[in-house]
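Okay, query-v4.cif now, which holds mmCIF, C-alpha atoms:
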```cif
data_start
#
loop_
_atom_site.label_atom_id
_atom_site.label_comp_id
_atom_site.auth_asym_id
_atom_site.auth_seq_id
_atom_site.Cartn_x
_atom_site.Cartn_y
_atom_site.Cartn_z
CA MET A 1 10.54 -21.86 3.01
CA ALA A 2 9.96 -21.38 6.70
CA ARG A 3 9.05 -17.85 7.63
CA GLY A 4 9.11 -15.76 10.79
CA LEU A 5 6.41 -13.42 12.02
CA ASP A 6 6.47 -9.66 11.55
CA ARG A 7 6.01 -6.65 13.72
CA PRO A 8 3.27 -4.11 12.95
CA GLY A 9 4.87 -1.07 11.40
CA ALA A 10 8.53 -0.23 11.15
CA ASP A 11 11.05 2.28 9.99
CA PRO A 12 11.69 1.45 6.30
CA ALA A 13 15.20 2.86 6.44
CA GLN A 14 16.10 0.45 9.20
CA ALA A 15 14.45 -2.38 7.30
CA ASP A 16 16.59 -1.59 4.25
CA ARG A 17 19.74 -1.68 6.37
CA GLY A 18 18.80 -5.04 7.86
CA GLN A 19 18.38 -3.59 11.37
CA ALA A 20 15.58 -4.46 13.73
CA PRO A 21 12.68 -2.28 12.58
CA ARG A 22 11.36 0.34 14.93
CA VAL A 23 7.57 0.58 15.29
CA LEU A 24 6.21 3.91 14.16
CA ARG A 25 2.94 5.57 15.16
CA ASN A 26 1.19 8.57 13.73
CA GLY A 27 1.74 10.77 16.80
CA LEU A 28 -0.34 13.68 18.05
CA ARG A 29 -0.04 17.38 17.43
CA ALA A 30 -0.46 19.82 20.29
CA ARG A 31 -3.29 21.52 18.40
CA THR A 32 -5.28 18.28 18.29
CA LEU A 33 -5.12 17.77 22.05
CA ILE A 34 -5.93 21.42 22.71
CA ALA A 35 -8.93 21.36 20.34
CA LEU A 36 -10.33 18.19 21.89
CA ARG A 37 -9.94 19.65 25.37
CA TRP A 38 -11.74 22.84 24.33
CA LEU A 39 -14.52 20.63 22.97
CA ALA A 40 -14.74 18.87 26.35
CA VAL A 41 -14.78 22.21 28.19
CA VAL A 42 -17.59 23.57 26.02
CA GLY A 43 -19.58 20.33 26.27
CA GLN A 44 -19.27 20.14 30.05
CA THR A 45 -20.26 23.78 30.40
CA ILE A 46 -23.36 23.36 28.24
CA VAL A 47 -24.45 20.26 30.18
CA LEU A 48 -24.08 22.07 33.52
CA LEU A 49 -25.97 25.12 32.31
CA VAL A 50 -28.82 23.00 30.94
CA ALA A 51 -28.92 20.96 34.18
CA GLY A 52 -29.09 24.09 36.31
CA LEU A 53 -31.09 26.60 34.28
CA VAL A 54 -33.49 24.29 32.43
CA LEU A 55 -33.84 21.10 34.46
CA ASP A 56 -33.19 22.64 37.90
CA PHE A 57 -30.91 19.79 39.00
CA ASP A 58 -29.09 20.03 42.30
CA VAL A 59 -25.50 19.97 41.07
CA PRO A 60 -22.37 21.10 43.01
CA TYR A 61 -21.81 23.87 40.50
CA ALA A 62 -18.88 25.53 42.24
CA LEU A 63 -16.72 22.40 42.23
CA CYS A 64 -17.78 21.40 38.72
CA PHE A 65 -17.04 24.83 37.22
CA ALA A 66 -13.73 24.86 39.07
CA LEU A 67 -12.80 21.61 37.33
CA ILE A 68 -13.87 23.03 33.97
CA ALA A 69 -11.82 26.17 34.62
CA LEU A 70 -8.81 23.97 35.46
CA ALA A 71 -9.03 22.30 32.05
CA ALA A 72 -9.48 25.68 30.35
CA TRP A 73 -6.46 27.16 32.12
CA LEU A 74 -4.35 24.17 31.10
CA ASN A 75 -5.31 24.79 27.50
CA VAL A 76 -4.45 28.49 27.76
CA LEU A 77 -1.04 27.70 29.25
CA LEU A 78 -0.32 25.13 26.55
CA MET A 79 -1.28 27.59 23.82
CA ILE A 80 1.03 30.22 25.30
CA ALA A 81 3.93 27.86 26.02
CA ALA A 82 4.15 26.22 22.59
CA GLY A 83 2.57 26.48 19.18
CA GLY A 84 -0.21 24.11 18.31
CA GLN A 85 1.47 22.89 15.14
CA ARG A 86 4.26 20.98 16.89
CA GLN A 87 4.03 17.24 17.45
CA VAL A 88 4.02 16.40 21.13
CA ARG A 89 6.25 13.73 22.59
CA ASP A 90 4.68 10.47 23.63
CA ILE A 91 5.16 11.11 27.34
CA GLU A 92 3.64 14.61 27.03
CA ALA A 93 0.61 13.31 25.14
CA THR A 94 0.18 10.57 27.75
CA ALA A 95 0.27 13.13 30.56
CA GLN A 96 -2.30 15.37 28.86
CA LEU A 97 -4.68 12.49 28.16
CA ALA A 98 -4.25 11.25 31.74
CA PHE A 99 -5.25 14.73 32.94
CA ASP A 100 -8.35 14.60 30.73
CA ILE A 101 -9.33 11.22 32.20
CA LEU A 102 -8.83 12.43 35.78
CA GLN A 103 -10.66 15.72 35.19
CA MET A 104 -13.62 13.94 33.61
CA THR A 105 -13.61 11.37 36.41
CA ALA A 106 -13.79 14.11 39.04
CA MET A 107 -16.73 15.70 37.22
CA LEU A 108 -18.56 12.38 37.02
CA PHE A 109 -17.73 11.51 40.65
CA LEU A 110 -19.50 14.69 41.80
CA THR A 111 -22.56 14.07 39.63
CA GLY A 112 -23.57 10.49 40.30
CA GLY A 113 -20.46 8.42 39.56
CA GLY A 114 -21.26 5.16 37.83
CA ALA A 115 -24.94 6.03 37.56
CA ASN A 116 -24.12 9.06 35.40
CA PRO A 117 -24.65 8.03 31.75
CA PHE A 118 -21.82 10.34 30.63
CA ALA A 119 -19.31 7.96 32.27
CA LEU A 120 -19.09 6.26 28.88
CA LEU A 121 -16.98 9.22 27.67
CA LEU A 122 -13.98 7.91 29.62
CA ALA A 123 -13.40 5.57 26.69
CA ALA A 124 -12.60 8.53 24.38
CA PRO A 125 -9.07 9.41 25.67
CA ALA A 126 -8.14 5.72 25.90
CA THR A 127 -9.28 5.14 22.32
CA LEU A 128 -7.35 8.17 21.05
CA ALA A 129 -4.22 6.93 22.82
CA ALA A 130 -4.60 3.44 21.34
CA ALA A 131 -4.82 4.89 17.84
CA THR A 132 -1.86 7.28 18.09
CA LEU A 133 0.56 6.32 20.89
CA PRO A 134 2.96 3.40 21.43
CA ALA A 135 1.58 0.32 23.11
CA ARG A 136 2.98 0.96 26.59
CA HIS A 137 1.49 4.46 26.76
CA ALA A 138 -1.83 3.31 25.33
CA LEU A 139 -2.00 0.46 27.85
CA SER A 140 -1.27 2.78 30.76
CA LEU A 141 -4.04 5.18 29.73
CA ALA A 142 -6.49 2.34 29.11
CA GLY A 143 -5.64 0.97 32.57
CA LEU A 144 -6.20 4.42 34.10
CA ALA A 145 -9.58 4.74 32.35
CA VAL A 146 -10.62 1.28 33.55
CA ALA A 147 -9.53 2.08 37.11
CA MET A 148 -11.44 5.36 37.13
CA THR A 149 -14.53 3.66 35.72
CA ILE A 150 -14.45 1.15 38.56
CA ALA A 151 -13.86 3.93 41.12
CA LEU A 152 -16.95 5.79 39.86
CA ALA A 153 -19.11 2.81 40.85
CA PHE A 154 -18.44 3.70 44.49
CA SER A 155 -19.26 7.42 44.31
CA PRO A 156 -21.37 8.54 47.30
CA PHE A 157 -22.99 11.32 45.29
CA PRO A 158 -26.35 10.50 43.66
CA VAL A 159 -27.26 11.62 40.18
CA PRO A 160 -28.94 15.04 40.55
CA TRP A 161 -32.11 14.02 38.71
CA GLY A 162 -34.41 16.22 40.77
CA PRO A 163 -36.94 15.35 43.46
CA GLU A 164 -39.51 13.82 41.08
CA MET A 165 -37.01 11.12 39.98
CA ALA A 166 -35.38 10.42 43.34
CA SER A 167 -37.39 7.21 43.72
CA GLN A 168 -35.95 5.88 40.46
CA GLU A 169 -32.34 5.90 41.61
CA PRO A 170 -30.57 2.81 40.14
CA THR A 171 -29.65 -0.05 42.44
CA ARG A 172 -26.07 -0.92 43.40
CA LEU A 173 -26.24 -4.13 41.34
CA PHE A 174 -27.32 -2.20 38.26
CA ILE A 175 -24.43 0.25 38.68
CA LEU A 176 -21.93 -2.62 39.00
CA VAL A 177 -23.29 -4.30 35.86
CA VAL A 178 -23.14 -1.03 33.90
CA THR A 179 -19.60 -0.45 35.21
CA ALA A 180 -18.51 -3.88 33.98
CA ALA A 181 -20.03 -3.13 30.57
CA ARG A 182 -18.17 0.19 30.41
CA VAL A 183 -14.88 -1.46 31.36
CA LEU A 184 -15.33 -4.01 28.58
CA GLY A 185 -16.29 -1.19 26.23
CA ILE A 186 -13.07 0.69 26.99
CA ILE A 187 -10.98 -2.45 26.49
CA PHE A 188 -12.60 -3.48 23.21
CA THR A 189 -12.84 0.03 21.77
CA ALA A 190 -9.19 0.79 22.55
CA GLY A 191 -8.17 -2.63 21.24
CA TYR A 192 -10.02 -2.14 17.97
CA ALA A 193 -8.49 1.33 17.56
CA TRP A 194 -4.98 0.02 18.22
CA TYR A 195 -5.35 -2.88 15.79
CA ALA A 196 -6.77 -0.67 13.04
CA ALA A 197 -4.01 1.91 13.52
CA ALA A 198 -1.32 -0.78 13.52
CA GLU A 199 -2.66 -2.24 10.27
CA ASN A 200 -2.76 1.21 8.72
CA VAL A 201 0.84 1.97 9.74
CA ARG A 202 1.98 -1.43 8.51
CA MET A 203 0.27 -0.99 5.16
CA GLN A 204 1.63 2.53 4.69
CA LEU A 205 5.14 1.31 5.43
CA ALA A 206 4.91 -1.59 3.03
CA LEU A 207 3.45 0.52 0.24
CA ASP A 208 6.17 3.11 0.77
CA VAL A 209 8.88 0.45 0.52
CA THR A 210 7.16 -1.00 -2.55
CA GLN A 211 7.12 2.38 -4.25
CA ARG A 212 10.81 2.90 -3.50
CA VAL A 213 11.70 -0.54 -4.84
CA LEU A 214 9.76 0.11 -8.03
CA ALA A 215 11.36 3.54 -8.39
CA ARG A 216 14.81 1.98 -8.00
CA GLU A 217 14.06 -0.60 -10.67
CA GLN A 218 12.80 2.10 -13.01
CA ARG A 219 15.96 4.14 -12.43
CA LEU A 220 18.07 1.10 -13.24
CA SER A 221 16.05 0.57 -16.41
CA ALA A 222 16.52 4.22 -17.35
CA LEU A 223 20.25 3.88 -16.68
CA GLY A 224 20.39 0.93 -19.09
CA ALA A 225 18.57 2.98 -21.71
CA LEU A 226 21.01 5.85 -21.19
CA ALA A 227 24.00 3.53 -21.58
CA ALA A 228 22.58 2.05 -24.79
CA ALA A 229 21.84 5.51 -26.17
CA ALA A 230 25.38 6.64 -25.29
CA ALA A 231 26.85 3.59 -27.05
CA HIS A 232 24.86 4.42 -30.15
CA GLU A 233 25.44 8.17 -30.19
CA LEU A 234 29.17 8.06 -29.38
CA GLY A 235 29.92 5.49 -32.07
CA THR A 236 30.02 8.07 -34.88
CA PRO A 237 32.42 10.60 -33.28
CA LEU A 238 34.72 7.77 -32.16
CA ALA A 239 34.83 6.48 -35.73
CA THR A 240 35.70 9.97 -36.95
CA ILE A 241 38.48 10.27 -34.35
CA THR A 242 39.88 6.91 -35.46
CA VAL A 243 39.91 7.89 -39.16
CA VAL A 244 41.60 11.24 -38.48
CA ALA A 245 44.19 9.64 -36.19
CA ARG A 246 45.06 7.04 -38.83
CA GLU A 247 45.50 9.77 -41.45
CA MET A 248 47.78 11.62 -39.06
CA ALA A 249 49.84 8.49 -38.44
CA ARG A 250 50.26 7.85 -42.18
CA GLY A 251 51.00 11.44 -43.14
CA THR A 252 53.56 12.38 -40.52
CA THR A 253 57.32 11.74 -40.47
CA ASP A 254 57.70 12.82 -36.84
CA PRO A 255 57.96 9.66 -34.66
CA VAL A 256 56.51 11.47 -31.64
CA THR A 257 53.45 12.58 -33.61
CA ARG A 258 53.02 9.11 -35.06
CA GLU A 259 53.20 7.59 -31.57
CA ASP A 260 50.54 10.03 -30.30
CA ALA A 261 48.28 9.23 -33.26
CA GLU A 262 48.61 5.48 -32.66
CA LEU A 263 47.79 6.06 -28.99
CA MET A 264 44.64 7.95 -30.01
CA ILE A 265 43.65 5.05 -32.29
CA ALA A 266 44.16 2.52 -29.48
CA GLN A 267 42.19 4.57 -26.94
CA ALA A 268 39.36 5.16 -29.41
CA GLN A 269 39.18 1.43 -30.03
CA ARG A 270 39.08 0.84 -26.29
CA CYS A 271 36.19 3.29 -25.97
CA ARG A 272 34.32 1.48 -28.74
CA GLU A 273 34.77 -1.84 -26.90
CA ILE A 274 33.48 -0.35 -23.66
CA LEU A 275 30.44 1.12 -25.39
CA GLN A 276 29.82 -2.19 -27.15
CA ARG A 277 29.67 -3.95 -23.78
CA LEU A 278 27.29 -1.32 -22.44
CA GLY A 279 25.04 -1.82 -25.42
CA GLU A 280 24.97 -5.63 -25.31
CA THR A 281 21.67 -5.71 -23.34
CA PRO A 282 20.20 -2.28 -24.02
CA GLU A 283 16.83 -1.05 -22.78
CA THR A 284 16.32 1.77 -25.21
CA GLY A 285 12.56 1.90 -25.11
CA ASP A 286 12.16 0.73 -28.69
CA ALA A 287 10.15 -2.21 -29.99
CA VAL A 288 13.19 -4.51 -30.03
CA HIS A 289 14.63 -3.90 -26.60
CA GLU A 290 11.37 -3.54 -24.64
CA ARG A 291 10.56 -7.21 -25.27
CA MET A 292 12.13 -10.46 -24.14
CA SER A 293 11.51 -14.15 -24.64
CA LEU A 294 10.10 -16.27 -21.84
CA LEU A 295 13.38 -18.15 -21.65
CA GLN A 296 15.31 -14.90 -21.38
CA PHE A 297 12.94 -13.75 -18.63
CA VAL A 298 13.33 -16.82 -16.43
CA GLN A 299 17.05 -16.85 -17.12
CA GLU A 300 17.34 -13.28 -15.84
CA THR A 301 15.53 -14.23 -12.63
CA ILE A 302 17.91 -17.10 -11.85
CA ASP A 303 21.20 -15.60 -13.10
CA PRO A 304 22.04 -13.82 -9.80
CA HIS A 305 21.70 -17.14 -7.92
CA LEU A 306 23.53 -19.58 -10.17
CA SER A 307 26.73 -19.18 -8.17
CA VAL A 308 25.12 -20.11 -4.83
CA GLY A 309 26.80 -23.27 -3.61
CA GLY A 310 24.85 -26.38 -2.75
CA VAL A 311 21.70 -25.54 -4.73
CA ARG A 312 21.01 -26.28 -8.38
CA VAL A 313 18.85 -23.59 -9.99
CA GLU A 314 17.21 -24.41 -13.33
CA ALA A 315 14.82 -22.63 -15.68
CA VAL A 316 12.35 -24.39 -17.98
CA VAL A 317 9.88 -23.08 -20.56
CA THR A 318 7.00 -25.30 -21.57
CA GLY A 319 3.59 -24.85 -23.13
CA GLY A 320 1.08 -25.72 -25.76
CA PRO A 321 1.55 -25.90 -29.52
CA GLY A 322 3.40 -23.10 -31.19
CA ALA A 323 6.37 -21.00 -30.21
CA ALA A 324 6.63 -19.41 -26.79
CA PRO A 325 5.43 -15.79 -26.85
CA ASP A 326 7.68 -12.83 -26.30
CA ILE A 327 6.68 -10.70 -23.33
CA TRP A 328 7.15 -7.05 -22.46
CA ARG A 329 10.24 -6.25 -20.42
CA MET A 330 8.88 -5.05 -17.04
CA PRO A 331 11.53 -4.21 -14.40
CA GLU A 332 9.05 -4.63 -11.53
CA VAL A 333 8.26 -8.19 -12.62
CA VAL A 334 11.93 -9.11 -12.95
CA HIS A 335 12.64 -7.67 -9.51
CA ALA A 336 9.69 -9.45 -7.90
CA MET A 337 10.48 -12.86 -9.40
CA THR A 338 14.19 -12.49 -8.60
CA SER A 339 13.30 -11.84 -4.95
CA ILE A 340 11.08 -14.91 -4.87
CA VAL A 341 13.83 -17.05 -6.42
CA GLU A 342 16.29 -15.66 -3.88
CA ASN A 343 14.06 -16.75 -1.02
CA ALA A 344 13.60 -20.20 -2.58
CA VAL A 345 17.37 -20.62 -2.90
CA ASP A 346 17.82 -19.59 0.72
CA PHE A 347 15.58 -22.42 1.97
CA ALA A 348 16.03 -25.11 -0.66
CA LYS A 349 17.86 -28.31 0.22
CA SER A 350 19.37 -28.96 -3.20
CA GLU A 351 17.18 -27.68 -6.05
CA VAL A 352 15.10 -24.73 -7.22
CA LEU A 353 13.09 -25.00 -10.43
CA VAL A 354 11.68 -21.94 -12.22
CA THR A 355 9.10 -22.95 -14.82
CA ALA A 356 7.41 -20.70 -17.38
CA ARG A 357 4.25 -22.19 -18.88
CA PHE A 358 2.08 -20.71 -21.59
CA ASP A 359 -1.12 -21.58 -23.39
CA GLU A 360 -3.58 -19.70 -25.56
CA ARG A 361 -5.02 -17.72 -22.66
CA SER A 362 -2.33 -17.23 -20.02
CA VAL A 363 1.33 -17.14 -19.09
CA MET A 364 2.46 -18.53 -15.75
CA VAL A 365 5.81 -18.47 -13.94
CA GLU A 366 6.26 -20.90 -11.06
CA VAL A 367 9.10 -21.06 -8.52
CA ARG A 368 9.38 -24.42 -6.72
CA ASP A 369 11.98 -25.57 -4.18
CA ASP A 370 12.62 -28.76 -2.21
CA GLY A 371 12.96 -27.09 1.20
CA PRO A 372 10.81 -27.43 4.33
CA GLY A 373 7.91 -25.42 2.90
CA PHE A 374 5.80 -22.73 4.54
CA SER A 375 4.85 -23.29 8.17
CA PRO A 376 1.05 -23.23 8.70
CA GLU A 377 1.05 -20.04 10.79
CA ILE A 378 3.14 -18.19 8.20
CA LEU A 379 1.25 -19.49 5.18
CA ALA A 380 -1.85 -17.64 6.40
CA LYS A 381 0.09 -14.37 6.57
CA LEU A 382 2.01 -14.48 3.29
CA GLY A 383 1.39 -11.46 1.13
CA GLU A 384 0.65 -9.23 4.12
CA PRO A 385 3.04 -6.39 4.98
CA TYR A 386 5.05 -7.83 7.84
CA ILE A 387 8.73 -7.20 8.60
CA THR A 388 10.18 -10.66 9.13
CA SER A 389 13.14 -11.52 11.30
CA ARG A 390 13.76 -15.18 10.64
CA PRO A 391 15.89 -17.10 13.12
CA GLY A 392 18.74 -19.04 11.60
CA THR A 393 19.01 -17.11 8.34
CA GLU A 394 22.13 -15.18 9.25
CA GLY A 395 24.90 -16.39 6.99
CA GLY A 396 22.44 -18.23 4.76
CA ARG A 397 23.07 -18.99 1.13
CA THR A 398 21.83 -15.65 -0.17
CA GLY A 399 22.73 -13.56 2.85
CA HIS A 400 19.37 -11.77 3.02
CA VAL A 401 17.20 -11.67 6.14
CA GLY A 402 13.42 -11.79 6.10
CA MET A 403 10.87 -12.10 3.31
CA GLY A 404 7.64 -11.05 5.04
CA LEU A 405 7.83 -7.54 3.64
CA GLY A 406 9.67 -8.86 0.59
CA PHE A 407 6.77 -11.16 -0.25
CA PHE A 408 4.35 -8.26 0.12
CA ILE A 409 6.47 -6.12 -2.20
CA ALA A 410 6.82 -8.92 -4.75
CA LYS A 411 3.10 -9.72 -4.63
CA THR A 412 2.15 -6.04 -4.97
CA LEU A 413 4.48 -5.50 -7.92
CA LEU A 414 3.20 -8.60 -9.69
CA GLU A 415 -0.45 -7.79 -9.08
CA ARG A 416 0.05 -4.28 -10.47
CA THR A 417 0.98 -5.89 -13.77
CA GLY A 418 -2.21 -7.98 -13.80
CA ALA A 419 -0.87 -11.18 -12.24
CA VAL A 420 -2.70 -13.52 -9.88
CA VAL A 421 -0.20 -14.66 -7.23
CA ASP A 422 -0.48 -17.96 -5.38
CA PHE A 423 1.56 -19.20 -2.40
CA ARG A 424 1.30 -22.83 -1.31
CA ASN A 425 3.23 -25.87 -0.19
CA GLY A 426 4.15 -28.65 -2.59
CA ARG A 427 2.39 -31.99 -2.39
CA GLN A 428 5.38 -33.72 -0.85
CA VAL A 429 8.10 -31.20 0.00
CA GLY A 430 9.01 -27.62 -0.61
CA ALA A 431 7.11 -24.44 -1.35
CA VAL A 432 5.55 -23.15 -4.55
CA VAL A 433 5.06 -19.52 -5.57
CA ALA A 434 3.26 -18.93 -8.85
CA ALA A 435 2.21 -15.84 -10.82
CA ARG A 436 -0.27 -16.10 -13.69
CA TRP A 437 -1.04 -13.34 -16.22
CA PRO A 438 -3.63 -13.19 -18.98
CA ARG A 439 -1.59 -13.68 -22.13
CA ALA A 440 -2.91 -10.50 -23.70
CA VAL A 441 -1.54 -8.45 -20.79
CA VAL A 442 2.12 -9.49 -20.98
CA GLU A 443 2.56 -10.70 -24.55
CA ALA A 444 4.48 -8.38 -26.85
CA PRO A 445 3.13 -8.20 -30.42
CA ASN A 446 4.89 -10.00 -33.26
CA LEU A 447 8.20 -8.23 -33.82
CA ALA A 448 8.02 -8.34 -37.64
CA GLU A 449 4.58 -6.75 -37.62
CA THR A 450 5.73 -4.12 -35.14
CA LEU A 451 8.73 -3.18 -37.27
CA ARG A 452 6.56 -2.96 -40.38
CA GLY A 453 4.20 -0.69 -38.54
CA THR A 454 7.02 1.67 -37.64
#
```

Could you render the structure from this file as structure tokens?
Amino acid sequence: MARGLDRPGADPAQADRGQAPRVLRNGLRARTLIALRWLAVVGQTIVLLVAGLVLDFDVPYALCFALIALAAWLNVLLMIAAGGQRQVRDIEATAQLAFDILQMTAMLFLTGGGANPFALLLAAPATLAAATLPARHALSLAGLAVAMTIALAFSPFPVPWGPEMASQEPTRLFILVVTAARVLGIIFTAGYAWYAAAENVRMQLALDVTQRVLAREQRLSALGALAAAAAHELGTPLATITVVAREMARGTTDPVTREDAELMIAQAQRCREILQRLGETPETGDAVHERMSLLQFVQETIDPHLSVGGVRVEAVVTGGPGAAPDIWRMPEVVHAMTSIVENAVDFAKSEVLVTARFDERSVMVEVRDDGPGFSPEILAKLGEPYITSRPGTEGGRTGHVGMGLGFFIAKTLLERTGAVVDFRNGRQVGAVVAARWPRAVVEAPNLAETLRGT
């Protein structure tokens, strides 16, 4: 089972349709950017007032307050032009964050440049962009922040410490070293934020798809229960219709009426046959139909793939002394194991073996194929939520594309039922996927005892 790599975060609707997934980000609301800019305006104003009124620093107040007023006016215009609740476009958010970087750079340039300790704040817009914007916009803003940080190292304006600290002005070498540290800080902080956001988006996508798969399986199970209930409930009125129609056929001398009665009998019989087929494998929620044997379980997982040409799919049940236990019918488990078998069939050379083993403490289901096995770089990622686009799978035996997200869904569904899932390569060839449950978790109680209890 060779696997491809996945992209971090994607549109689940596109993934369901087999299209190339589109990376999604959380986005930014206008109110968020406006609030952060007001915070910067208030902070810059407080620092200037403290520097001038308390510390008596020699700061170019006119230019600095002009820059603060520029940021404030931008906020006022944005609040008037559009409501704060809307989500801004990526290019608009990039432009606003670029303005924040340039405005803060101008403030720092006038107040000491690279020697100003507040130069570290240039990392904030770049980090916000990395966490919320697409990669190309985040990279452009991180590049702008790095460029402005380097430019600040060459500011001709000293830090306005005051005359008593003029002799302690930092050296040029110290400023360059601090600038290099800030550049690395911007790069690593933005990188960490981007990676964490990408993992969060990827996990949210995969969990959403998992929930929809489980909901679909539950709807199918409910549909089976409805069909079985309909077969049971409609049996009595159909029998009544048949009896009445036969009496009509026997008691009439009109050939037209007799023909109509015989037609009613034939159609009622046809309805009974249809309902009988619907009720052959009912899931009615009772003690009988909510359970299945281990052999029936593994047979259900391989049935959809028995017609695939070129691959022999077999199911085996083995275990310790005593009869194999019955297990609860769980649609999520059937779906997960069927997906795993499907992937095994897609990559097998000639054989897929599904084995159910049981002992006194556990029940295990293992899917083994004789294909190329997991590649080392993919084996480390199995079970993580990645959308896979595997080269060479178009037109494969099963016709499906990608199992990165499928493996995550299968693993999540199985683990929710108490299973421990293991992915590995076989000793010689092929891949092995195994799920093991504590026997008490999946075993259905003895049917005779259950019926007596009811």

Query - Selection under test: the PyMOL selection byres ((chain A and resi 372) around 10); residues as a list of chain:residue names - result: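 Going through the file, the PyMOL selection byres ((chain A and resi 372) around 10) ends up selecting A:Met1, A:Ala2, A:Phe347, A:Ala348, A:Lys349, A:Asp369, A:Asp370, A:Gly371, A:Gly373, A:Phe374, A:Ser375, A:Asn425, A:Gly426, A:Gln428, A:Val429, A:Gly430, A:Ala431.
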
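Between atom CA of A:Ala129 and atom CA of A:Leu97 the interatomic distance comes to 7.7 Å.
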
**Report entry** Two-atom distance - atom CA of A:Thr412, atom CA of A:Ser350 (Å)
**Finding:** 28.7 Å

Requested in this report: Show which residues sit within 9 Å of A:Ala126, as a list in words. Count all atoms listed in the file, and ignore same-chain residues fewer than 3 positions away.
Outcome: Leu97, Ala98, Ile101, Leu122, Ala123, Ala129, Ala130, Ala131, Ala138, Leu139, Ser140, Leu141, Ala142, Gly143, Leu144, Ala145, Ile186, Ile187, Thr189 and Ala190 of chain A

Requested in this report: Decode the PyMOL selection byres ((chain A and resi 266-271) around 8) for the given file into explicit residues and return them as a PyMOL selection string.
Outcome: chain A and resi 238-239+241-242+262-265+272-275

Saved selection, atoms kept: C-alpha atoms, as an mmCIF file, keeping the file's coordinate frame:
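So the final result, stored in out_32.cif, reads:
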```
data_model
loop_
_atom_site.group_PDB
_atom_site.id
_atom_site.type_symbol
_atom_site.label_atom_id
_atom_site.label_comp_id
_atom_site.auth_asym_id
_atom_site.auth_seq_id
_atom_site.Cartn_x
_atom_site.Cartn_y
_atom_site.Cartn_z
ATOM 1 C CA LEU A 238 34.720 7.770 -32.160
ATOM 2 C CA ALA A 239 34.830 6.480 -35.730
ATOM 3 C CA ILE A 241 38.480 10.270 -34.350
ATOM 4 C CA THR A 242 39.880 6.910 -35.460
ATOM 5 C CA GLU A 262 48.610 5.480 -32.660
ATOM 6 C CA LEU A 263 47.790 6.060 -28.990
ATOM 7 C CA MET A 264 44.640 7.950 -30.010
ATOM 8 C CA ILE A 265 43.650 5.050 -32.290
ATOM 9 C CA ARG A 272 34.320 1.480 -28.740
ATOM 10 C CA GLU A 273 34.770 -1.840 -26.900
ATOM 11 C CA ILE A 274 33.480 -0.350 -23.660
ATOM 12 C CA LEU A 275 30.440 1.120 -25.390
#
```

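If only C-alpha atoms are the atoms counted, then among A:Ala444, A:Ala151, A:Leu176, A:Leu133 the closest residue to A:Val201 is A:Leu133.
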
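Relative to atom CA of A:Val354, atom CA of A:Pro321 is found at 20.4 Å.
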
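With only C-alpha atoms as the basis for measurement, A:Ala215 is the residue among A:Ala215, A:Val441, A:Leu379, A:Leu36 that approaches A:Glu332 most closely.
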
**Report entry** Residues near stretch 54-70 of chain A, cut-off 10 Å, all atoms listed in the file, skip fewer than 3 positions along chain, as a PyMOL selection string
**Finding:** chain A and resi 38+40-45+48-51+73-76+103-104+106-108+110-112+157-163

**Report entry** Residue IDs satisfying the PyMOL selection byres ((chain A and resi 341) around 12), as a PyMOL selection string
**Finding:** chain A and resi 1+298-306+308+311-315+334-340+342-348+351-355+365-369+398+403+406-407+410+431-434

Query - Option closest in space to A:Ala81, from A:Ala196, A:Leu414, A:Ala419, A:Ala30 [counting all atoms listed in the file] - result: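 Selected residue with least distance to A:Ala81: A:Ala30.
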
Requested in this report: For each of A:Ile80, A:Leu28, A:Ala135, A:Val178, take the minimum atom-to-atom distance to A:Ala119, counting all atoms listed in the file, then give the residue where this is smallest.
Outcome: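 Nearest to A:Ala119: A:Val178.
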
Query - Nearest-residue call for A:Glu259, choices A:Ala245, A:Leu413, A:Arg439, A:Leu121, using all atoms listed in the file - result: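 Among the listed residues, A:Ala245 lies closest to A:Glu259.
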